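For reference, target-v3.cif is printed below; it contains mmCIF, C-alpha atoms.
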data_run
#
loop_
_atom_site.label_atom_id
_atom_site.label_comp_id
_atom_site.auth_asym_id
_atom_site.auth_seq_id
_atom_site.Cartn_x
_atom_site.Cartn_y
_atom_site.Cartn_z
CA MET A 123 -22.60 18.02 6.33
CA SER A 124 -25.56 17.67 8.64
CA GLU A 125 -24.76 14.72 10.83
CA ILE A 126 -21.48 13.01 11.61
CA LYS A 127 -21.63 9.25 11.37
CA LYS A 128 -19.26 6.66 12.72
CA PHE A 129 -17.63 4.80 9.83
CA MET A 130 -15.54 1.69 10.39
CA PHE A 131 -13.34 0.08 7.76
CA VAL A 132 -12.56 -3.55 8.58
CA ASN A 133 -9.39 -4.79 6.88
CA ARG A 134 -8.85 -8.55 6.98
CA LYS A 135 -6.70 -9.31 3.93
CA ALA A 136 -2.94 -9.36 3.47
CA PRO A 137 -1.56 -6.65 1.17
CA HIS A 138 -0.18 -7.35 -2.37
CA GLY A 139 -1.70 -10.84 -2.87
CA THR A 140 -5.13 -9.35 -3.57
CA ILE A 141 -6.38 -5.84 -4.35
CA TYR A 142 -8.52 -5.48 -1.19
CA ALA A 143 -5.98 -3.61 0.96
CA LEU A 144 -5.22 -1.00 -1.69
CA GLU A 145 -8.90 -0.52 -2.56
CA SER A 146 -9.77 -0.05 1.10
CA LEU A 147 -7.05 2.55 1.51
CA GLU A 148 -8.31 4.48 -1.53
CA VAL A 149 -11.87 4.53 -0.21
CA VAL A 150 -10.59 5.65 3.20
CA LEU A 151 -8.67 8.55 1.63
CA ILE A 152 -11.78 9.64 -0.26
CA THR A 153 -13.99 9.28 2.81
CA ALA A 154 -11.64 11.62 4.67
CA ALA A 155 -13.01 14.50 2.57
CA PHE A 156 -16.45 14.10 4.14
CA ASP A 157 -15.41 14.88 7.73
CA GLN A 158 -16.92 11.77 9.25
CA ASP A 159 -15.79 9.86 12.34
CA VAL A 160 -13.59 7.23 10.66
CA SER A 161 -12.03 4.21 12.36
CA LEU A 162 -9.75 1.69 10.67
CA VAL A 163 -9.60 -1.82 12.03
CA PHE A 164 -6.95 -4.40 11.16
CA LEU A 165 -7.84 -8.01 11.89
CA ASP A 166 -6.51 -11.42 10.84
CA ASP A 167 -4.15 -11.15 7.83
CA GLY A 168 -5.15 -7.48 7.61
CA VAL A 169 -2.51 -6.68 10.24
CA TYR A 170 0.14 -7.53 7.64
CA GLN A 171 -0.89 -4.35 5.79
CA LEU A 172 0.85 -2.29 8.47
CA LYS A 173 4.08 -4.31 8.56
CA LYS A 174 7.19 -2.12 8.47
CA GLY A 175 9.83 -2.52 5.79
CA GLN A 176 7.72 -3.56 2.79
CA GLN A 177 9.87 -3.32 -0.34
CA THR A 178 7.85 -3.96 -3.49
CA LYS A 179 10.55 -3.21 -6.08
CA GLY A 180 11.10 -6.92 -6.71
CA ILE A 181 7.44 -7.64 -7.47
CA GLU A 182 7.11 -4.41 -9.48
CA THR A 183 3.98 -3.09 -7.78
CA LYS A 184 3.18 0.18 -6.06
CA ASN A 185 4.44 0.27 -2.47
CA PHE A 186 1.27 1.69 -0.97
CA SER A 187 2.35 0.89 2.60
CA SER A 188 3.90 4.40 2.81
CA ALA A 189 0.43 5.89 2.40
CA TYR A 190 -0.71 4.59 5.81
CA ARG A 191 1.70 7.14 7.29
CA ALA A 192 -0.14 9.90 5.41
CA LEU A 193 -3.45 9.11 7.14
CA GLU A 194 -2.60 11.39 10.04
CA GLY A 195 -2.48 14.35 7.63
CA TYR A 196 -5.96 13.35 6.48
CA ASP A 197 -7.13 13.53 10.13
CA ILE A 198 -7.64 9.78 10.24
CA GLU A 199 -6.09 8.88 13.53
CA LYS A 200 -8.21 6.03 14.85
CA LEU A 201 -6.35 2.88 13.88
CA TYR A 202 -7.11 -0.29 15.79
CA VAL A 203 -5.29 -3.62 15.61
CA GLU A 204 -6.47 -6.83 17.22
CA LYS A 205 -3.97 -8.20 19.71
CA GLU A 206 -4.71 -11.86 18.96
CA SER A 207 -4.16 -11.32 15.23
CA LEU A 208 -0.69 -9.91 15.89
CA GLU A 209 0.22 -12.76 18.23
CA LEU A 210 -0.82 -15.48 15.77
CA ARG A 211 1.51 -13.93 13.22
CA GLY A 212 4.54 -13.51 15.45
CA ILE A 213 4.57 -9.74 15.10
CA SER A 214 4.21 -6.95 17.65
CA GLU A 215 3.27 -3.29 17.77
CA GLU A 216 6.93 -2.35 17.14
CA ASP A 217 6.72 -4.09 13.75
CA LEU A 218 4.03 -1.70 12.56
CA LEU A 219 4.73 1.38 10.48
CA VAL A 220 2.18 3.65 12.20
CA ASP A 221 0.94 4.28 15.72
CA VAL A 222 -2.07 2.13 16.50
CA THR A 223 -4.27 1.18 19.42
CA VAL A 224 -4.03 -2.52 20.17
CA LEU A 225 -7.33 -4.01 21.36
CA GLY A 226 -8.30 -7.46 22.58
CA ARG A 227 -11.04 -9.28 20.72
CA ALA A 228 -13.74 -8.34 23.23
CA GLU A 229 -12.96 -4.62 23.06
CA MET A 230 -12.81 -4.89 19.27
CA GLY A 231 -16.28 -6.39 19.22
CA GLU A 232 -17.62 -3.58 21.40
CA LEU A 233 -16.11 -0.94 19.14
CA MET A 234 -17.71 -2.59 16.12
CA ASP A 235 -21.04 -2.51 17.87
CA GLN A 236 -20.88 1.27 18.27
CA GLN A 237 -20.60 2.07 14.55
CA ASP A 238 -23.21 3.49 12.17
CA VAL A 239 -21.62 2.15 8.99
CA ILE A 240 -19.19 -0.73 8.53
CA LEU A 241 -17.28 -1.36 5.31
CA SER A 242 -15.51 -4.68 5.00
CA PHE A 243 -12.42 -5.35 2.89
CA MET B 9 7.15 -32.94 -7.91
CA LEU B 10 6.88 -29.22 -7.27
CA HIS B 11 3.93 -27.84 -5.33
CA ILE B 12 3.29 -24.10 -5.57
CA ILE B 13 1.21 -22.35 -2.92
CA ASN B 14 0.15 -18.70 -3.13
CA LYS B 15 -2.34 -18.28 -0.26
CA SER B 16 -1.75 -17.28 3.35
CA PRO B 17 -1.97 -20.36 5.59
CA LEU B 18 -3.90 -18.33 8.17
CA ALA B 19 -6.63 -17.33 5.72
CA ASN B 20 -6.91 -20.34 3.42
CA CYS B 21 -6.34 -24.10 3.73
CA SER B 22 -4.46 -24.80 0.49
CA LEU B 23 -1.08 -25.25 2.18
CA ASP B 24 -2.73 -27.49 4.78
CA SER B 25 -4.30 -29.59 2.02
CA CYS B 26 -1.03 -29.83 0.16
CA LEU B 27 0.83 -31.02 3.26
CA ARG B 28 -1.90 -33.56 3.96
CA VAL B 29 -2.00 -35.05 0.48
CA ALA B 30 1.34 -34.54 -1.22
CA GLN B 31 4.14 -37.10 -1.48
CA PRO B 32 7.61 -35.86 -0.43
CA GLY B 33 9.05 -33.34 -2.88
CA ASP B 34 9.50 -29.59 -3.32
CA ILE B 35 7.16 -26.88 -2.06
CA LEU B 36 7.50 -23.30 -3.26
CA LEU B 37 5.75 -20.58 -1.27
CA ILE B 38 4.92 -17.48 -3.31
CA GLU B 39 2.77 -14.34 -2.83
CA ASP B 40 0.73 -14.50 0.40
CA ALA B 41 1.94 -18.05 1.12
CA ILE B 42 5.31 -16.67 2.21
CA TYR B 43 3.73 -15.75 5.56
CA ALA B 44 3.82 -19.50 6.37
CA ALA B 45 7.61 -19.29 6.43
CA THR B 46 7.88 -16.26 8.74
CA ILE B 47 9.24 -16.66 12.24
CA GLY B 48 6.64 -16.95 14.98
CA ASN B 49 3.53 -17.30 12.83
CA ALA B 50 0.89 -19.77 13.97
CA PHE B 51 1.65 -22.14 11.07
CA GLU B 52 5.36 -22.34 11.91
CA GLY B 53 5.05 -25.66 13.77
CA LYS B 54 3.31 -27.37 10.85
CA LEU B 55 5.81 -26.01 8.38
CA ARG B 56 8.79 -27.16 10.47
CA GLU B 57 7.26 -30.59 10.72
CA ALA B 58 6.80 -30.68 6.94
CA MET B 59 10.46 -29.75 6.42
CA GLY B 60 11.37 -33.37 7.21
CA ARG B 61 9.46 -34.57 4.15
CA PHE B 62 9.64 -31.59 1.83
CA LYS B 63 12.23 -29.12 0.68
CA ILE B 64 10.62 -25.72 1.26
CA TYR B 65 11.40 -22.68 -0.90
CA VAL B 66 10.17 -19.07 -0.68
CA LEU B 67 10.15 -16.52 -3.47
CA GLN B 68 12.36 -13.79 -2.01
CA PRO B 69 10.81 -10.79 -3.86
CA ASP B 70 7.46 -11.73 -2.27
CA VAL B 71 9.12 -11.90 1.16
CA ASP B 72 10.66 -8.44 0.67
CA ALA B 73 7.40 -6.94 -0.59
CA ARG B 74 5.67 -8.02 2.61
CA GLY B 75 8.32 -6.65 4.95
CA PHE B 76 9.73 -9.97 6.18
CA THR B 77 13.27 -9.72 4.87
CA GLY B 78 15.51 -11.50 7.38
CA ARG B 79 12.58 -13.04 9.25
CA VAL B 80 12.20 -16.31 7.39
CA ILE B 81 12.44 -19.62 9.27
CA GLU B 82 15.88 -21.23 9.09
CA GLY B 83 16.05 -24.11 6.66
CA VAL B 84 13.66 -22.52 4.19
CA SER B 85 15.50 -21.74 0.94
CA PRO B 86 15.02 -18.39 -0.77
CA VAL B 87 14.79 -18.32 -4.56
CA ASP B 88 14.55 -15.46 -7.05
CA TYR B 89 12.53 -15.54 -10.28
CA SER B 90 15.14 -17.54 -12.17
CA GLY B 91 15.27 -19.99 -9.25
CA PHE B 92 11.49 -20.28 -9.57
CA VAL B 93 11.82 -21.15 -13.26
CA GLU B 94 14.57 -23.64 -12.50
CA LEU B 95 12.35 -25.43 -9.97
CA THR B 96 9.62 -25.79 -12.56
CA THR B 97 12.05 -27.29 -15.05
CA THR B 98 13.97 -29.62 -12.75
CA ASN B 99 10.74 -31.14 -11.44
CA LYS B 100 8.92 -33.50 -13.76
CA THR B 101 5.51 -32.17 -12.75
CA CYS B 102 4.25 -29.10 -11.02
CA GLN B 103 1.00 -28.30 -9.27
CA SER B 104 -0.35 -24.89 -8.29
CA TRP B 105 -2.71 -25.22 -5.33
CA LEU B 106 -5.20 -22.45 -6.05
CA MET C 261 -1.58 6.29 -25.88
CA ALA C 262 -1.18 10.06 -25.68
CA SER C 263 2.18 11.76 -25.43
CA ILE C 264 3.84 15.17 -25.30
CA GLU C 265 7.02 16.25 -27.03
CA VAL C 266 9.59 18.37 -25.21
CA ASP C 267 12.96 19.24 -26.77
CA GLY C 268 12.49 16.57 -29.39
CA LYS C 269 11.80 13.82 -26.88
CA ALA C 270 8.40 12.14 -26.49
CA TYR C 271 6.90 11.50 -23.05
CA GLU C 272 3.98 9.18 -22.55
CA THR C 273 0.90 10.66 -20.81
CA ASP C 274 -2.64 9.57 -20.05
CA GLU C 275 -5.56 11.04 -21.99
CA GLU C 276 -5.73 13.99 -19.57
CA GLY C 277 -2.07 14.86 -19.96
CA TYR C 278 -0.67 13.39 -16.74
CA LEU C 279 2.76 11.80 -17.17
CA THR C 280 2.59 8.01 -17.19
CA ASN C 281 6.06 7.52 -15.73
CA LEU C 282 7.03 9.49 -12.66
CA ALA C 283 10.71 9.10 -13.56
CA ASP C 284 10.20 10.93 -16.87
CA TRP C 285 9.79 14.23 -15.04
CA ASN C 286 12.26 17.10 -15.29
CA THR C 287 11.98 20.89 -15.12
CA GLU C 288 11.63 21.25 -18.91
CA VAL C 289 8.70 18.83 -18.91
CA ALA C 290 7.20 20.72 -15.95
CA ASN C 291 7.52 24.04 -17.78
CA TYR C 292 5.98 22.53 -20.89
CA ILE C 293 2.97 21.13 -19.00
CA ALA C 294 2.59 24.46 -17.17
CA LYS C 295 2.42 26.27 -20.51
CA THR C 296 -0.35 23.96 -21.72
CA GLU C 297 -2.20 24.86 -18.51
CA ASN C 298 -1.61 28.59 -19.16
CA ILE C 299 0.53 28.89 -16.05
CA ASN C 300 3.67 30.98 -15.94
CA MET C 301 5.91 29.26 -13.38
CA THR C 302 7.15 31.59 -10.61
CA ASP C 303 9.13 30.76 -7.46
CA GLN C 304 5.83 30.37 -5.61
CA HIS C 305 4.61 27.86 -8.18
CA TRP C 306 7.84 25.89 -7.90
CA GLU C 307 7.54 25.86 -4.13
CA VAL C 308 4.22 24.04 -4.40
CA VAL C 309 5.33 21.74 -7.22
CA ASN C 310 8.52 20.74 -5.41
CA PHE C 311 6.58 20.23 -2.20
CA LEU C 312 4.19 17.89 -4.02
CA ARG C 313 7.08 15.84 -5.37
CA GLU C 314 8.54 15.58 -1.89
CA TYR C 315 5.18 14.56 -0.46
CA PHE C 316 4.76 11.89 -3.12
CA GLU C 317 8.27 10.59 -2.54
CA GLU C 318 7.45 10.12 1.13
CA TYR C 319 3.87 8.80 1.01
CA GLN C 320 3.48 7.44 -2.54
CA ILE C 321 0.21 9.34 -2.98
CA ALA C 322 -0.74 12.79 -4.20
CA PRO C 323 -2.42 14.66 -1.32
CA ALA C 324 -6.02 15.82 -1.41
CA VAL C 325 -6.31 19.60 -1.77
CA ARG C 326 -7.38 20.03 1.86
CA VAL C 327 -4.37 18.04 3.04
CA LEU C 328 -2.03 19.91 0.70
CA THR C 329 -3.32 23.28 1.92
CA LYS C 330 -2.74 22.35 5.54
CA ALA C 331 0.73 20.95 4.84
CA ILE C 332 1.79 24.00 2.78
CA GLY C 333 0.70 26.28 5.64
CA LYS C 334 2.73 24.26 8.07
CA ARG C 335 5.83 24.32 5.88
CA PHE C 336 5.80 27.79 4.29
CA GLY C 337 3.72 29.86 6.69
CA ALA C 338 0.04 30.29 7.46
CA GLU C 339 -0.47 32.98 4.78
CA LYS C 340 0.32 30.35 2.13
CA GLY C 341 -1.80 27.65 3.70
CA THR C 342 -5.08 28.90 2.26
CA SER C 343 -7.13 27.84 -0.73
CA GLU C 344 -7.16 31.47 -1.94
CA TYR C 345 -3.37 31.45 -2.20
CA LEU C 346 -3.19 28.04 -3.88
CA TYR C 347 -6.07 28.67 -6.28
CA GLY C 348 -4.42 32.03 -7.06
CA LEU C 349 -1.40 30.09 -8.30
CA PHE C 350 -3.33 27.22 -9.90
CA PRO C 351 -6.78 28.54 -10.91
CA TYR C 352 -8.12 25.17 -12.08
CA GLY C 353 -7.29 23.48 -8.81
CA PRO C 354 -3.95 23.09 -7.04
CA GLY C 355 -4.39 19.34 -6.80
CA LYS C 356 -5.19 18.89 -10.44
CA GLN C 357 -2.87 21.42 -12.08
CA ALA C 358 0.06 21.37 -9.67
CA CYS C 359 0.09 17.56 -9.62
CA LYS C 360 0.09 17.48 -13.41
CA ILE C 361 3.02 19.91 -13.54
CA ALA C 362 4.81 17.93 -10.82
CA GLY C 363 4.48 14.78 -12.92
CA LEU C 364 2.34 13.01 -10.32
CA PRO C 365 -0.81 10.99 -10.87
CA LYS C 366 -4.14 12.74 -10.37
CA PRO C 367 -4.90 12.85 -6.63
CA THR C 368 -7.27 10.22 -5.28
CA GLY C 369 -10.73 11.68 -4.84
CA CYS C 370 -9.87 14.71 -6.92
CA ILE C 371 -12.96 16.16 -8.59
#
Could you quickly redo this structure as structure tokens?
Amino acid sequence: MSEIKKFMFVNRKAPHGTIYALESLEVVLITAAFDQDVSLVFLDDGVYQLKKGQQTKGIETKNFSSAYRALEGYDIEKLYVEKESLELRGISEEDLLVDVTVLGRAEMGELMDQQDVILSF
Amino acid sequence: MLHIINKSPLANCSLDSCLRVAQPGDILLIEDAIYAATIGNAFEGKLREAMGRFKIYVLQPDVDARGFTGRVIEGVSPVDYSGFVELTTTNKTCQSWL
Amino acid sequence: MASIEVDGKAYETDEEGYLTNLADWNTEVANYIAKTENINMTDQHWEVVNFLREYFEEYQIAPAVRVLTKAIGKRFGAEKGTSEYLYGLFPYGPGKQACKIAGLPKPTGCI
């Protein structure tokens, strides 16, 4: 690989109701093989993807929330969550199933500005 | 009448539209609409206000799937799949707000 | 729908021979799939297969080969955490063959 690029995945959809969250996660796991500088951002309803305690037995779908905990093993360690998105949903960092960096909207915008490639889900 | 909502109130206005238009009756929140009934979310005030006019139900398997077991606003009634079916049969008409 | 028959019982698989239902797995099925892959299961093979099942149980995904290699090294010692070692056990790819024997889906991004 000649040049390392900064890739950002922007996740804005709740899990389970649509396929976006799962598709994003799959692309992220594949991207990990290319040794790029990958950041994951969770905004708006996207923060619900990281909610602890998801139990999908009752709706008979794959509980892919466990896979976010595997990201560390894939060397994907830059996870960012927007503070305002958490607040609007009555949840806090302790409700999330992985370690994240919580950023305010201004810092989030700056981070977005520094990327080479942005993929939106 | 039974109104069924399946979209998050913070990403889509279908629940808002329903509350604006609908006559008093039953509202069932399923799929991503269950977030409307979670404690501390930005739609909580509107939902509480609507509880005077509507009986609000949530589909419990959808609550569990999203990790909000035990964090549903008091006064909202959980139903399982058979409860869902019962609501559709006890109400004369039923509208899904897509 | 494809299937395999082990001890008189049919198990549903996809067209590549991966078990459709994770819960169908048992050691007889694993041994049967191994045979179709020309692999003679030794303790070292089982170590990897059992590790994969544990990994899947915890994360609900099959790890990429690179991730598996690193994790095996961490768990069983650095000398086992190499692609030489894992490809020695599973010549057609540890991800592909070991996952198949472990009854897991094909790993995401597996070539």
Within 10 Å of chain A: residues of chain B, using only C-alpha atoms, as a PDB file with C-alpha atoms, in the frame of the given file:
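Below is the file that was written, out22.pdb:
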ATOM      1  CA  ASN B  14       0.150 -18.700  -3.130  1.00  0.00           C
ATOM      2  CA  LYS B  15      -2.340 -18.280  -0.260  1.00  0.00           C
ATOM      3  CA  SER B  16      -1.750 -17.280   3.350  1.00  0.00           C
ATOM      4  CA  PRO B  17      -1.970 -20.360   5.590  1.00  0.00           C
ATOM      5  CA  LEU B  18      -3.900 -18.330   8.170  1.00  0.00           C
ATOM      6  CA  ALA B  19      -6.630 -17.330   5.720  1.00  0.00           C
ATOM      7  CA  ILE B  38       4.920 -17.480  -3.310  1.00  0.00           C
ATOM      8  CA  GLU B  39       2.770 -14.340  -2.830  1.00  0.00           C
ATOM      9  CA  ASP B  40       0.730 -14.500   0.400  1.00  0.00           C
ATOM     10  CA  ALA B  41       1.940 -18.050   1.120  1.00  0.00           C
ATOM     11  CA  TYR B  43       3.730 -15.750   5.560  1.00  0.00           C
ATOM     12  CA  ALA B  44       3.820 -19.500   6.370  1.00  0.00           C
ATOM     13  CA  THR B  46       7.880 -16.260   8.740  1.00  0.00           C
ATOM     14  CA  ILE B  47       9.240 -16.660  12.240  1.00  0.00           C
ATOM     15  CA  GLY B  48       6.640 -16.950  14.980  1.00  0.00           C
ATOM     16  CA  ASN B  49       3.530 -17.300  12.830  1.00  0.00           C
ATOM     17  CA  ALA B  50       0.890 -19.770  13.970  1.00  0.00           C
ATOM     18  CA  PHE B  51       1.650 -22.140  11.070  1.00  0.00           C
ATOM     19  CA  GLU B  52       5.360 -22.340  11.910  1.00  0.00           C
ATOM     20  CA  GLN B  68      12.360 -13.790  -2.010  1.00  0.00           C
ATOM     21  CA  PRO B  69      10.810 -10.790  -3.860  1.00  0.00           C
ATOM     22  CA  ASP B  70       7.460 -11.730  -2.270  1.00  0.00           C
ATOM     23  CA  VAL B  71       9.120 -11.900   1.160  1.00  0.00           C
ATOM     24  CA  ASP B  72      10.660  -8.440   0.670  1.00  0.00           C
ATOM     25  CA  ALA B  73       7.400  -6.940  -0.590  1.00  0.00           C
ATOM     26  CA  ARG B  74       5.670  -8.020   2.610  1.00  0.00           C
ATOM     27  CA  GLY B  75       8.320  -6.650   4.950  1.00  0.00           C
ATOM     28  CA  PHE B  76       9.730  -9.970   6.180  1.00  0.00           C
ATOM     29  CA  THR B  77      13.270  -9.720   4.870  1.00  0.00           C
ATOM     30  CA  ASP B  88      14.550 -15.460  -7.050  1.00  0.00           C
ATOM     31  CA  TYR B  89      12.530 -15.540 -10.280  1.00  0.00           C
TER      32      TYR B  89
END
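You can rank A:Asn133, A:Ser188, A:Thr153, A:Gln158 by their closest distance to chain C using all atoms listed in the file, and at the top of that list sits A:Ser188.
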Next item on the list: Could you tell me how far atom CA of C:Pro323 lies from atom CA of A:Ser242, in Å and to one decimal?
Entry: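 Computing the Euclidean distance for atom CA of C:Pro323 and atom CA of A:Ser242 yields 24.2 Å.
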Using the chain letters and numbers from the file, give me the residues hit by the PyMOL selection byres ((chain C and resi 338-344) around 10), as a PDB file with C-alpha atoms, in the coordinates of the input.
ATOM      1  CA  GLN C 304       5.830  30.370  -5.610  1.00  0.00           C
ATOM      2  CA  VAL C 308       4.220  24.040  -4.400  1.00  0.00           C
ATOM      3  CA  VAL C 325      -6.310  19.600  -1.770  1.00  0.00           C
ATOM      4  CA  ARG C 326      -7.380  20.030   1.860  1.00  0.00           C
ATOM      5  CA  VAL C 327      -4.370  18.040   3.040  1.00  0.00           C
ATOM      6  CA  LEU C 328      -2.030  19.910   0.700  1.00  0.00           C
ATOM      7  CA  THR C 329      -3.320  23.280   1.920  1.00  0.00           C
ATOM      8  CA  LYS C 330      -2.740  22.350   5.540  1.00  0.00           C
ATOM      9  CA  ALA C 331       0.730  20.950   4.840  1.00  0.00           C
ATOM     10  CA  ILE C 332       1.790  24.000   2.780  1.00  0.00           C
ATOM     11  CA  GLY C 333       0.700  26.280   5.640  1.00  0.00           C
ATOM     12  CA  LYS C 334       2.730  24.260   8.070  1.00  0.00           C
ATOM     13  CA  ARG C 335       5.830  24.320   5.880  1.00  0.00           C
ATOM     14  CA  PHE C 336       5.800  27.790   4.290  1.00  0.00           C
ATOM     15  CA  GLY C 337       3.720  29.860   6.690  1.00  0.00           C
ATOM     16  CA  TYR C 345      -3.370  31.450  -2.200  1.00  0.00           C
ATOM     17  CA  LEU C 346      -3.190  28.040  -3.880  1.00  0.00           C
ATOM     18  CA  TYR C 347      -6.070  28.670  -6.280  1.00  0.00           C
ATOM     19  CA  GLY C 348      -4.420  32.030  -7.060  1.00  0.00           C
ATOM     20  CA  LEU C 349      -1.400  30.090  -8.300  1.00  0.00           C
ATOM     21  CA  PHE C 350      -3.330  27.220  -9.900  1.00  0.00           C
ATOM     22  CA  PRO C 351      -6.780  28.540 -10.910  1.00  0.00           C
ATOM     23  CA  GLY C 353      -7.290  23.480  -8.810  1.00  0.00           C
ATOM     24  CA  PRO C 354      -3.950  23.090  -7.040  1.00  0.00           C
TER      25      PRO C 354
END
Notebook entry, point to check: Care to translate the PyMOL selection byres ((chain C and resi 292-299) around 12) into actual residues of this file, as a PyMOL selection string?
Noted result: chain C and resi 263-267+271+273+276-279+285-291+300-302+304-306+309+347-354+356-364
